[in-house]
>>> print(open('query.tsv').read())   # TSV, C-alpha atoms
chain	number	residue	atom	x	y	z
A	1	MET	CA	63.84	20.05	-15.45
A	2	SER	CA	61.35	21.90	-13.31
A	3	CYS	CA	59.32	20.03	-10.72
A	4	HIS	CA	56.16	21.54	-12.16
A	5	ALA	CA	56.63	19.46	-15.26
A	6	PHE	CA	55.79	16.37	-13.22
A	7	PHE	CA	52.49	17.56	-11.79
A	8	LEU	CA	50.30	16.98	-14.74
A	9	PRO	CA	46.58	17.74	-14.49
A	10	GLN	CA	45.53	15.02	-16.93
A	11	GLU	CA	44.17	11.57	-16.20
A	12	PRO	CA	45.68	9.80	-13.20
A	13	PHE	CA	47.95	7.48	-15.14
A	14	SER	CA	49.58	7.81	-18.48
A	15	ASN	CA	49.72	5.04	-21.03
A	16	GLY	CA	53.06	3.92	-19.70
A	17	GLN	CA	55.06	5.75	-22.35
A	18	ARG	CA	55.89	8.64	-20.12
A	19	PHE	CA	57.04	9.07	-16.58
A	20	CYS	CA	55.20	11.61	-14.49
A	21	PHE	CA	53.98	12.41	-11.01
A	22	ARG	CA	50.67	13.62	-9.81
A	23	GLY	CA	50.06	15.70	-6.77
A	24	ASP	CA	46.86	15.28	-4.74
A	25	GLY	CA	47.62	18.34	-2.67
A	26	ASN	CA	50.29	16.90	-0.47
A	27	ARG	CA	51.37	13.63	-2.04
A	28	LEU	CA	53.35	12.49	-5.02
A	29	PHE	CA	52.33	9.49	-7.06
A	30	MET	CA	54.96	7.51	-8.87
A	31	GLU	CA	54.15	6.53	-12.42
A	32	ILE	CA	55.54	3.09	-13.19
A	33	GLY	CA	53.40	2.30	-16.20
A	34	ARG	CA	50.94	-0.44	-16.99
A	35	PRO	CA	51.10	-3.76	-15.17
A	36	GLU	CA	52.49	-6.52	-17.34
A	37	ARG	CA	52.71	-9.65	-15.23
A	38	GLN	CA	52.45	-10.88	-11.69
A	39	TYR	CA	54.53	-13.40	-9.79
A	40	GLU	CA	55.32	-14.64	-6.30
A	41	ILE	CA	58.72	-14.19	-4.68
A	42	GLU	CA	59.57	-16.05	-1.52
A	43	PRO	CA	63.21	-15.22	-0.71
A	44	LEU	CA	65.36	-18.01	0.64
A	45	GLU	CA	67.11	-15.43	2.77
A	46	ASP	CA	65.15	-12.78	4.67
A	47	PRO	CA	65.84	-9.36	3.07
A	48	VAL	CA	65.32	-7.73	6.48
A	49	PRO	CA	68.65	-7.66	8.31
A	50	ARG	CA	68.68	-9.22	11.74
A	51	GLU	CA	69.50	-7.08	14.70
A	52	GLU	CA	72.95	-7.88	16.02
A	53	PRO	CA	73.14	-8.45	19.79
A	54	ASP	CA	75.50	-5.48	20.27
A	55	GLU	CA	73.07	-3.16	18.43
A	56	ARG	CA	70.36	-3.55	21.04
A	57	PRO	CA	70.05	-0.85	23.65
A	58	THR	CA	72.33	-1.45	26.64
A	59	ARG	CA	69.47	-1.82	29.08
A	60	GLU	CA	68.11	-4.80	27.12
A	61	ARG	CA	71.43	-6.58	27.37
A	62	GLU	CA	71.97	-5.97	31.09
A	63	LEU	CA	71.33	-8.93	33.28
A	64	ALA	CA	68.32	-8.67	35.48
A	65	LEU	CA	69.07	-7.78	39.06
A	66	PRO	CA	68.61	-10.63	41.51
A	67	ALA	CA	65.27	-10.59	43.22
A	68	LEU	CA	65.30	-9.05	46.65
A	69	GLU	CA	64.96	-11.36	49.58
A	70	PRO	CA	61.56	-11.05	51.19
A	71	LEU	CA	61.72	-8.88	54.27
A	72	THR	CA	61.09	-10.67	57.54
A	73	THR	CA	59.83	-8.84	60.54
B	1	MET	CA	43.23	-16.91	-7.69
B	2	ARG	CA	42.08	-17.01	-4.09
B	3	ASP	CA	44.50	-16.08	-1.31
B	4	SER	CA	44.46	-19.60	0.11
B	5	GLU	CA	45.41	-21.05	-3.29
B	6	ARG	CA	48.14	-18.47	-3.73
B	7	ASP	CA	49.55	-19.28	-0.28
B	8	ALA	CA	49.77	-22.97	-1.19
B	9	LYS	CA	51.45	-22.35	-4.56
B	10	ALA	CA	55.21	-22.70	-4.92
B	11	PRO	CA	56.96	-19.36	-5.43
B	12	ASP	CA	58.04	-18.34	-8.92
B	13	TYR	CA	61.33	-16.86	-7.68
B	14	VAL	CA	63.45	-17.10	-4.54
B	15	GLU	CA	65.39	-13.82	-4.85
B	16	PRO	CA	63.78	-10.45	-4.16
B	17	VAL	CA	63.75	-7.92	-6.98
B	18	ARG	CA	65.59	-4.67	-6.37
B	19	GLY	CA	64.21	-1.32	-7.43
B	20	TRP	CA	64.87	2.33	-6.70
B	21	ARG	CA	62.84	4.62	-4.46
B	22	THR	CA	62.91	8.04	-2.91
B	23	TRP	CA	61.99	8.56	0.73
B	24	LEU	CA	61.41	11.50	2.97
B	25	VAL	CA	63.54	11.48	6.11
B	26	VAL	CA	61.34	12.48	9.02
B	27	GLN	CA	61.84	13.02	12.70
B	28	GLY	CA	60.83	9.93	14.66
B	29	HIS	CA	60.46	9.58	18.39
B	30	ASP	CA	63.80	7.82	18.53
B	31	GLY	CA	65.73	9.24	15.61
B	32	ALA	CA	65.32	9.73	11.90
B	33	ARG	CA	62.95	7.44	10.00
B	34	LEU	CA	62.18	6.85	6.34
B	35	ALA	CA	58.71	7.83	5.15
B	36	SER	CA	56.92	7.36	1.85
B	37	VAL	CA	56.52	10.32	-0.48
B	38	SER	CA	53.30	8.86	-1.87
B	39	PHE	CA	51.36	7.74	1.18
B	40	PRO	CA	51.46	8.60	4.86
B	41	ALA	CA	53.52	5.58	5.83
B	42	LEU	CA	56.65	5.25	7.92
B	43	TRP	CA	59.09	2.51	6.93
B	44	PRO	CA	59.73	0.37	10.01
B	45	ARG	CA	63.24	-0.52	11.11
B	46	ARG	CA	64.19	-4.19	11.09
B	47	ARG	CA	60.71	-5.15	9.93
B	48	ARG	CA	59.34	-5.47	6.45
B	49	LEU	CA	56.82	-2.93	5.18
B	50	SER	CA	53.59	-4.67	4.14
B	51	ALA	CA	51.22	-3.30	1.54
B	52	GLU	CA	47.50	-2.96	2.09
B	53	CYS	CA	45.01	-1.86	-0.48
B	54	GLY	CA	43.18	1.38	0.20
B	55	ARG	CA	41.16	0.85	-3.00
B	56	GLY	CA	43.67	2.75	-5.07
B	57	PHE	CA	43.57	3.89	-8.65
B	58	HIS	CA	42.57	1.65	-11.44
B	59	THR	CA	45.45	0.75	-13.72
B	60	GLY	CA	44.20	-2.31	-15.54
B	61	SER	CA	42.07	-2.53	-18.63
B	62	GLY	CA	38.92	-3.77	-16.90
B	63	PRO	CA	36.65	-1.97	-14.47
B	64	PRO	CA	38.14	-0.65	-11.22
B	65	LEU	CA	38.70	-3.37	-8.67
B	66	ARG	CA	36.36	-2.60	-5.80
B	67	VAL	CA	36.39	-5.92	-4.01
B	68	GLU	CA	38.63	-6.45	-1.05
B	69	HIS	CA	41.88	-8.08	-2.12
B	70	ARG	CA	45.40	-8.73	-1.05
B	71	ALA	CA	47.87	-6.08	-2.26
B	72	PRO	CA	49.13	-5.79	-4.87
B	73	SER	CA	46.76	-6.83	-7.63
B	74	LEU	CA	47.12	-6.57	-11.39
B	75	ASP	CA	43.79	-4.77	-11.58
B	76	CYS	CA	44.50	-2.19	-8.93
B	77	SER	CA	47.25	0.35	-8.29
B	78	CYS	CA	47.99	-0.84	-4.76
B	79	GLY	CA	51.35	-2.08	-3.53
B	80	ILE	CA	54.74	-0.71	-2.59
B	81	TYR	CA	56.26	1.01	-5.60
B	82	ALA	CA	59.79	1.02	-6.94
B	83	THR	CA	61.20	2.00	-10.29
B	84	TRP	CA	63.56	0.04	-12.46
B	85	ASN	CA	66.22	2.66	-12.72
B	86	LEU	CA	67.89	5.33	-10.67
B	87	ASP	CA	66.91	8.20	-12.98
B	88	ARG	CA	63.26	8.01	-12.05
B	89	ALA	CA	63.95	7.92	-8.32
B	90	ALA	CA	66.31	10.88	-8.71
B	91	GLN	CA	63.58	12.87	-10.45
B	92	ILE	CA	61.24	12.22	-7.53
B	93	ALA	CA	63.92	13.45	-5.15
B	94	ASP	CA	63.95	16.75	-7.06
B	95	CYS	CA	60.25	17.19	-6.30
B	96	ALA	CA	60.03	15.67	-2.85
B	97	THR	CA	62.65	17.79	-1.16
B	98	ALA	CA	61.17	21.01	-2.46
B	99	ARG	CA	57.58	20.05	-1.74
B	100	PHE	CA	57.29	18.66	1.76
B	101	ARG	CA	57.67	20.43	5.05
B	102	ASP	CA	56.04	17.86	7.29
B	103	CYS	CA	54.83	14.30	7.01
B	104	LEU	CA	52.50	12.54	9.42
B	105	GLY	CA	52.85	15.52	11.70
B	106	ARG	CA	56.59	15.04	11.87
B	107	ALA	CA	59.21	17.46	10.64
B	108	VAL	CA	60.79	16.50	7.33
B	109	LEU	CA	64.54	16.52	7.86
B	110	GLY	CA	65.51	15.78	4.30
B	111	ALA	CA	65.27	13.14	1.63
B	112	ALA	CA	66.99	9.92	0.73
B	113	LEU	CA	66.96	7.59	-2.19
B	114	GLY	CA	68.19	4.11	-2.62
B	115	GLU	CA	67.58	0.53	-3.53
B	116	VAL	CA	64.74	-1.46	-2.09
B	117	SER	CA	64.10	-5.21	-1.96
B	118	LEU	CA	60.63	-6.27	-3.06
B	119	TRP	CA	59.02	-9.64	-2.55
B	120	GLY	CA	55.77	-11.44	-1.85
B	121	THR	CA	53.27	-10.84	-4.61
B	122	VAL	CA	54.99	-8.65	-7.19
B	123	VAL	CA	53.34	-6.90	-10.12
B	124	GLU	CA	55.86	-6.07	-12.81
B	125	CYS	CA	55.00	-2.89	-14.69
B	126	ALA	CA	56.41	-1.06	-17.70
B	127	HIS	CA	58.77	1.06	-15.57
B	128	GLY	CA	58.91	-0.63	-12.19
B	129	TRP	CA	57.20	-2.90	-9.73
B	130	ARG	CA	54.46	-2.96	-7.13
B	131	ALA	CA	55.03	-5.43	-4.32
B	132	GLY	CA	53.43	-6.83	-1.20
B	133	PHE	CA	56.54	-6.55	0.98
B	134	ALA	CA	59.56	-4.28	0.94
B	135	TYR	CA	62.64	-3.31	2.90
B	136	PRO	CA	65.44	-0.85	2.06
B	137	ALA	CA	68.57	-2.51	0.66
B	138	ARG	CA	70.77	0.59	0.42
B	139	ILE	CA	70.16	4.18	1.48
B	140	TYR	CA	71.77	7.36	0.15
B	141	VAL	CA	71.00	10.44	2.23
B	142	LEU	CA	70.90	13.63	0.19
B	143	ALA	CA	73.02	16.59	1.21
B	144	PRO	CA	71.36	19.41	3.20
B	145	SER	CA	71.61	21.75	0.22
B	146	TYR	CA	69.59	19.37	-1.93
B	147	GLY	CA	66.38	21.00	-3.11
B	148	ARG	CA	67.62	24.35	-1.78
B	149	ARG	CA	66.10	23.83	1.63
B	150	SER	CA	67.72	23.81	5.00
B	151	GLN	CA	67.80	20.74	7.16
B	152	VAL	CA	68.10	20.59	10.89
B	153	ALA	CA	70.70	17.87	10.62
B	154	SER	CA	73.58	17.22	8.28
B	155	ALA	CA	73.51	14.38	5.76
B	156	ASP	CA	76.22	12.66	7.80
B	157	GLU	CA	74.14	12.85	10.97
B	158	LEU	CA	71.05	11.58	9.18
B	159	ALA	CA	73.03	8.78	7.57
B	160	ALA	CA	74.34	7.74	10.98
B	161	ASP	CA	70.80	7.78	12.35
B	162	LEU	CA	69.36	5.84	9.43
B	163	SER	CA	72.03	3.15	9.77
B	164	SER	CA	69.65	1.68	12.36
B	165	TYR	CA	67.84	0.15	9.37
B	166	GLY	CA	70.78	-2.24	9.24
B	167	VAL	CA	71.63	-1.69	5.57
B	168	PRO	CA	74.50	0.28	3.97
B	169	THR	CA	73.74	3.98	4.44
B	170	ASP	CA	75.82	6.81	3.02
B	171	PRO	CA	75.52	10.58	2.70
B	172	LEU	CA	75.43	11.84	-0.87
B	173	ARG	CA	76.89	15.28	-1.48
B	174	CYS	CA	74.95	16.55	-4.45
B	175	SER	CA	72.55	19.31	-5.40
B	176	SER	CA	70.71	17.96	-8.43
B	177	SER	CA	69.36	14.74	-9.90
B	178	LEU	CA	72.14	14.87	-12.49
B	179	GLU	CA	74.72	14.79	-9.73
B	180	ILE	CA	72.88	11.94	-8.02
B	181	ARG	CA	73.17	9.84	-11.15
B	182	ARG	CA	76.84	10.71	-11.56
B	183	LEU	CA	77.77	10.07	-7.91
B	184	ILE	CA	75.86	6.82	-7.51
B	185	GLY	CA	77.05	5.65	-10.91
B	186	SER	CA	80.71	6.17	-9.96
B	187	GLU	CA	80.17	4.70	-6.50
B	188	ARG	CA	78.67	1.55	-7.99
B	189	ALA	CA	81.52	1.31	-10.46
B	190	ASP	CA	83.97	1.52	-7.56
B	191	ARG	CA	82.13	-1.22	-5.72
B	192	ALA	CA	82.14	-3.46	-8.78
B	193	ALA	CA	85.88	-2.93	-9.37
>>> encode(input="query.tsv", output="structure tokens")
Amino acid sequence: MSCHAFFLPQEPFSNGQRFCFRGDGNRLFMEIGRPERQYEIEPLEDPVPREEPDERPTRERELALPALEPLTT
Amino acid sequence: MRDSERDAKAPDYVEPVRGWRTWLVVQGHDGARLASVSFPALWPRRRRLSAECGRGFHTGSGPPLRVEHRAPSLDCSCGIYATWNLDRAAQIADCATARFRDCLGRAVLGAALGEVSLWGTVVECAHGWRAGFAYPARIYVLAPSYGRRSQVASADELAADLSSYGVPTDPLRCSSSLEIRRLIGSERADRAA
């Protein structure tokens, strides 16, 4: 199917029976239909994966150099 | 319901919903990044993407919601979008790869599609969801030939770069939305076996 079929010049959103995209010049809008219900989700486990220690850049894992002794004159 | 009341309310569910999305893959300062095809937004690595309302379209039956509100709302079109099924995301990939050359002033390297976790306030719609928070759950990087445009990096290189999101990331060698559906369908069957 051609891409042009998705860029329909009609009203911004369809009645939910059809899937289409609109272009505003440089953006695509995803048609997901009419809202039906709303709820709250609070995941027990964070969906964002934690950064493993060995994935951090090397310089972050290097131990800090010992402070220099103050120079005495 | 006011935000303070909503914050105090027990959640309805404790598992995120999973939908499908298409992303642009753009050049970041430190490697490839995922970007929205609908709004000028980069998807952060190792941090959730949070929705804000820019007073979007009206999708409800009442008058447009003009008051400031937390995204998403039933009476607005705000939120982070995902579709219920792969077909719709694959259709967007057909358009996105042919349409964009740059995004947020960054070169578009290609496109990806995949599953996304959605949580927080979630508005369930006829064909998908709008959510307050999202993070990729699985990323498929489309082959360089996808959309008949050249990329500066191979799908394998982009997949390696995008693995910094910390979720399974694979190159997908295909040249049409039909092939996307076939390849991901067989890959998921393999995983389930």
>>> residues_around(input="query.tsv", residues="Glu36 of chain A", least_positions_apart="3", cutoff="7 Å", atoms="only C-alpha atoms", output="number ranges by chain")
B: 124-126
>>> atom_distance(input="query.tsv", atom1="atom CA of Tyr13 of chain B", atom2="atom CA of His127 of chain B")
19.7 Å
>>> residues_around(input="query.tsv", residues="Ala51 of chain B", least_positions_apart="6", cutoff="9 Å", atoms="all atoms listed in the file", output="list in words")
Arg70, Ala71, Pro72, Cys78, Gly79, Ile80, Ala131, Gly132, Phe133 and Ala134 of chain B
>>> write_last_selection(input="query.tsv", atoms="C-alpha atoms", output="CSV table (one decimal), keeping the file's coordinate frame")
chain,number,residue,atom,x,y,z
B,70,ARG,CA,45.4,-8.7,-1.0
B,71,ALA,CA,47.9,-6.1,-2.3
B,72,PRO,CA,49.1,-5.8,-4.9
B,78,CYS,CA,48.0,-0.8,-4.8
B,79,GLY,CA,51.4,-2.1,-3.5
B,80,ILE,CA,54.7,-0.7,-2.6
B,131,ALA,CA,55.0,-5.4,-4.3
B,132,GLY,CA,53.4,-6.8,-1.2
B,133,PHE,CA,56.5,-6.6,1.0
B,134,ALA,CA,59.6,-4.3,0.9
>>> closest_residue(input="query.tsv", among="B:Asp190, B:Glu52, B:Asp12, B:Asp94", to="Glu40 of chain A", atoms="all atoms listed in the file")
B:Asp12
>>> closest_residue(input="query.tsv", among="A:Arg50, A:Glu42, A:Met30, A:Pro35", to="Phe39 of chain B", atoms="all atoms listed in the file")
A:Met30
>>> closest_residue(input="query.tsv", among="A:Glu31, A:Glu52, A:Glu45, A:Gln38", to="chain B", atoms="only C-alpha atoms")
A:Gln38
>>> residues_around(input="query.tsv", residues="Val141 of chain B", least_positions_apart="3", cutoff="8 Å", atoms="all atoms listed in the file", output="compact mmCIF listing (two decimals) with C-alpha atoms, keeping the file's coordinate frame")
# COMPACT_ATOMS: atom_id res chain seq x y z
CA GLY B 110 65.51 15.78 4.30
CA ALA B 111 65.27 13.14 1.63
CA ALA B 112 66.99 9.92 0.73
CA LEU B 113 66.96 7.59 -2.19
CA ALA B 155 73.51 14.38 5.76
CA ASP B 156 76.22 12.66 7.80
CA LEU B 158 71.05 11.58 9.18
CA ALA B 159 73.03 8.78 7.57
CA THR B 169 73.74 3.98 4.44
CA ASP B 170 75.82 6.81 3.02
CA PRO B 171 75.52 10.58 2.70
CA LEU B 172 75.43 11.84 -0.87
>>> atom_distance(input="query.tsv", atom1="atom CA of Ile180 of chain B", atom2="atom CA of Gln91 of chain B")
9.7 Å
>>> atom_distance(input="query.tsv", atom1="atom CA of Ala90 of chain B", atom2="atom CA of Gly114 of chain B")
9.3 Å
>>> interface_residues(input="query.tsv", of="chain B", to="chain A", cutoff="6 Å", atoms="only C-alpha atoms", output="JSON, numbers by chain")
{"B": [11, 12, 13, 14, 15, 16, 37, 38, 46, 95, 119, 120, 121, 122, 123, 124, 125, 126, 127, 128, 166]}
>>> write_last_selection(input="query.tsv", atoms="C-alpha atoms", output="compact mmCIF listing (two decimals), in the frame of the given file")
# COMPACT_ATOMS: atom_id res chain seq x y z
CA PRO B 11 56.96 -19.36 -5.43
CA ASP B 12 58.04 -18.34 -8.92
CA TYR B 13 61.33 -16.86 -7.68
CA VAL B 14 63.45 -17.10 -4.54
CA GLU B 15 65.39 -13.82 -4.85
CA PRO B 16 63.78 -10.45 -4.16
CA VAL B 37 56.52 10.32 -0.48
CA SER B 38 53.30 8.86 -1.87
CA ARG B 46 64.19 -4.19 11.09
CA CYS B 95 60.25 17.19 -6.30
CA TRP B 119 59.02 -9.64 -2.55
CA GLY B 120 55.77 -11.44 -1.85
CA THR B 121 53.27 -10.84 -4.61
CA VAL B 122 54.99 -8.65 -7.19
CA VAL B 123 53.34 -6.90 -10.12
CA GLU B 124 55.86 -6.07 -12.81
CA CYS B 125 55.00 -2.89 -14.69
CA ALA B 126 56.41 -1.06 -17.70
CA HIS B 127 58.77 1.06 -15.57
CA GLY B 128 58.91 -0.63 -12.19
CA GLY B 166 70.78 -2.24 9.24
>>> residues_around(input="query.tsv", residues="Leu34 of chain B", least_positions_apart="2", cutoff="9 Å", atoms="all atoms listed in the file", output="list in words")
Trp23, Leu24, Val25, Val26, Gln27, Gly28, Ala32, Ser36, Ala41, Leu42, Trp43, Pro44, Arg45, Ala111, Ala112 and Leu162 of chain B
